[in-house]
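Q: This is the structure I want to talk about, given as structure tokens.
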Amino acid sequence: GLDMEFTGLHSTFPQNNQPSLFDSPAERYLKVRQSIQRFTVTQLGLAIFSKENSNKYVVHSYNFFLFPSTLGVTDAEFTLSASSIQFLSHYGFDYNKFLKDGIPYMNELQEKSLNQCLLEGSWKVCSALDRDVLRKAIDEVTSWIAAAEEGETMILHDLSGSQMLEVQLVLRQALRNVWTWPLEDSEVMVKKVSPQHRRLLENSSYDYCRKELVLMSARGFTNLFQILVKAKKPLVGHNMLMDLCHLHDKFYKPLPESYEEFKRNIHNLFPVLIDTKTVAKSIWKKYQFPRVSNLLEMYEVLCSSNLNLTDPTCPVIALASDCSRYAEKKSPHEAGYDAFLCGSVLLKSAHLLLCRLTNDAVEADPSFSQYLTVLAEYVNKVNFIRGGVSSINFSGEDVPCQHPPLLVVRVQGWPGLNERQIYQELKALCRFDVRRLSENQFILLSNKFKHVRRVLHDYKHHPNLQISVYRHWRHSPHVNCLLQVSGIVALWSVLAFILGGAPCCS
């Protein structure tokens, strides 16, 4: 199970970056890509489900606070969305932990840049706070070393994880007669050594500042991401398009411009994706299942006795003893808790589907491979919010866009009307996305047929807004322009024929 929290969802820059029903999957991807580049991940939750015996699944749920690496790479910039920050604060998000103790991470491009810095010895400290700490440490060491004897040591105190590494690298670069190694409790030991001894230590396998160890420290959470990629386990999320985009951008490579390349990359990284939102939408249609979209509400419905999921064959989900906090308290929108909900909703939904498929004649110990079989039609289909398709297919072609017919609004006697005003006018009745077609015409698009029927009926005799079904040959400005040009050309052709064919008078 996977869940992530971000500093923002949809960037307001540029203005047309908000999701729209008019978006194709490729167009939506480009909008999401712009948002992903502006925001960052604050928290990542992983819930690992292991089948212990019979139908019991034991869950280890983990909550990781993340913060972009500042270790010798280009200083990361990200935006905060006021509404997202307020939302997370309402649910008790610890911003101090995010800022002070966030685990670093980097993608392959950033790692390549850091590796080049290490090879060239051109170390750069990005953080102003770290620079102040380093300046203080260097002052302490240079004051001490002038009078110190070879072999004497001193200890630097109160350093954070990244500072412990940066202090050592900078001291070794600045002073050729010192050696360093980390101690416990945020401390670094500094020793005065001879240049000959220093060369021996630099080639030692016990050096904590070897290039590969520096890279491992800077990669931080990316090390775990790479383990997840190698494991090739099914990855389960809820409305997980944004999660997948951030996984690609923050831990793998910057998001490509090509939508198809993005899909291929994600499929290579995680061959089995399951979006519980996609599964839930199907269950709504097939079975008498309450239409709840909130992840916690879905979990509670699936845990209720109304769906008969309390039979002996139903999977028993138990949190491991060292992860028991979520068993005692609900923590919605905490990434580790939501990741636990994702995996639990998946198992319970799969069991519900298996029961319906076998008319409740489920064997005593259904295997996870049986669950995957009944989930086959949902695998790699990630939910597409407010669009012409219901989901994005990460293992093949997307289905063609399908939505109710477009409507066209012709405005009369209402000068200066814009898209926003049209939206506000119709909002009380039903919701449409609006686009301007020409100076006095607008296109309306809904995802519900009943809204189309309602607005056509209720606005049949409106004095200012004439609403009808859009016909491309009739309403498109390009087609109208082409018809006008064709008419003019045809008229001139007729005139030329008549004039050219008239007899000459001598």
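Within each chain, counting starts at residue 1; across the structure tokens, chains are named A, B, ... in the order shown, with ligands numbered 1 upward in that order.
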Could you make a table, as CSV, of the residues of stretch 385-418 of chain A that have an atom within 10 Å of an atom of stretch 442-457 of chain A, each with its nearest atom pair and distance in Å to one decimal, counting only C-alpha atoms, in chain and number order?

A:
residue,atom,partner,partner_atom,distance
A:Arg386,CA,A:Asn447,CA,7.6
A:Gly387,CA,A:Asn447,CA,7.8
A:Gly388,CA,A:Asn447,CA,7.7
A:Val389,CA,A:Asn447,CA,9.9
A:Gln402,CA,A:Asn447,CA,9.0
A:His403,CA,A:Asn447,CA,5.8
A:Pro404,CA,A:Phe449,CA,5.5
A:Pro405,CA,A:Leu445,CA,7.4
A:Leu406,CA,A:Leu445,CA,5.3
A:Leu407,CA,A:Leu444,CA,4.9
A:Val408,CA,A:Ile443,CA,4.7
A:Val409,CA,A:Phe442,CA,5.1
A:Arg410,CA,A:Phe442,CA,6.8
A:Val411,CA,A:Phe442,CA,8.3
A:Leu417,CA,A:Phe442,CA,9.9
A:Asn418,CA,A:Phe442,CA,8.7

Q: Could you list, as a PDB file with N, CA, C and O atoms, in the first residue's frame, every residue within 7 Å of A:Glu187, counting only C-alpha atoms and ignoring same-chain residues fewer than 6 positions away?

A:
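Okay, result-v3.pdb is ready:
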ATOM      1  N   ILE A 155      35.988  16.798  19.831  1.00  0.00           N
ATOM      2  CA  ILE A 155      34.647  16.382  19.397  1.00  0.00           C
ATOM      3  C   ILE A 155      33.808  17.609  19.067  1.00  0.00           C
ATOM      4  O   ILE A 155      33.770  18.579  19.837  1.00  0.00           O
ATOM      5  N   LEU A 156      33.140  17.557  17.908  1.00  0.00           N
ATOM      6  CA  LEU A 156      32.160  18.580  17.516  1.00  0.00           C
ATOM      7  C   LEU A 156      30.771  18.058  17.865  1.00  0.00           C
ATOM      8  O   LEU A 156      30.424  16.920  17.542  1.00  0.00           O
ATOM      9  N   HIS A 157      29.970  18.909  18.514  1.00  0.00           N
ATOM     10  CA  HIS A 157      28.668  18.479  19.036  1.00  0.00           C
ATOM     11  C   HIS A 157      27.504  19.072  18.249  1.00  0.00           C
ATOM     12  O   HIS A 157      27.663  20.007  17.467  1.00  0.00           O
ATOM     13  N   ASP A 158      26.314  18.512  18.481  1.00  0.00           N
ATOM     14  CA  ASP A 158      25.032  19.067  18.002  1.00  0.00           C
ATOM     15  C   ASP A 158      24.971  19.252  16.494  1.00  0.00           C
ATOM     16  O   ASP A 158      24.676  20.339  15.983  1.00  0.00           O
ATOM     17  N   LEU A 159      25.250  18.185  15.773  1.00  0.00           N
ATOM     18  CA  LEU A 159      25.168  18.223  14.309  1.00  0.00           C
ATOM     19  C   LEU A 159      24.037  17.308  13.844  1.00  0.00           C
ATOM     20  O   LEU A 159      23.847  16.224  14.387  1.00  0.00           O
TER      21      LEU A 159
END

Q: Do a neighbour search on stretch 236-243 of chain A at 9 Å with only C-alpha atoms, toss out local chain neighbours closer than 4 positions, and write the hits as a count of residues only.

A: 28

Q: Do you have the atom CA of A:Leu352-atom CA of A:Phe49 distance handy?

A: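 That distance, rounded to one decimal, is 18.4 Å.
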
Q: Where in stretch 21-243 of chain A does DSSP assign strand (DSSP E), given as a ChimeraX atom specification?

A: /A:41-53,56-65,153-156,178-183,187-192,235-237

Q: Running DSSP on the backbone, which parts of stretch 354-497 of chain A land in helix (DSSP H, G or I), as a PyMOL selection string?

A: chain A and resi 354-357+368-374+376-378+419-427+449-458+472-475+477-497

Q: May I have the residues within 10 Å of A:Tyr57 as a list of chain:residue names, using only C-alpha atoms and disregarding those fewer than 5 positions away in the same chain?

A: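 These residues fall inside the cut-off: A:Ile48, A:Phe49, A:Ser50, A:Lys51, A:Glu52, A:Pro315, A:Val316, A:Ile317, A:Ala318, A:Leu319, A:Ala320, A:Ser344, A:Leu347.
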
Q: I'd like the contact shell of stretch 149-151 of chain A - 8 Å cut-off, only C-alpha atoms, skipping same-chain residues fewer than 4 positions apart - returned as JSON, numbers by chain.

A: {"A": [145, 191, 192, 193, 194]}
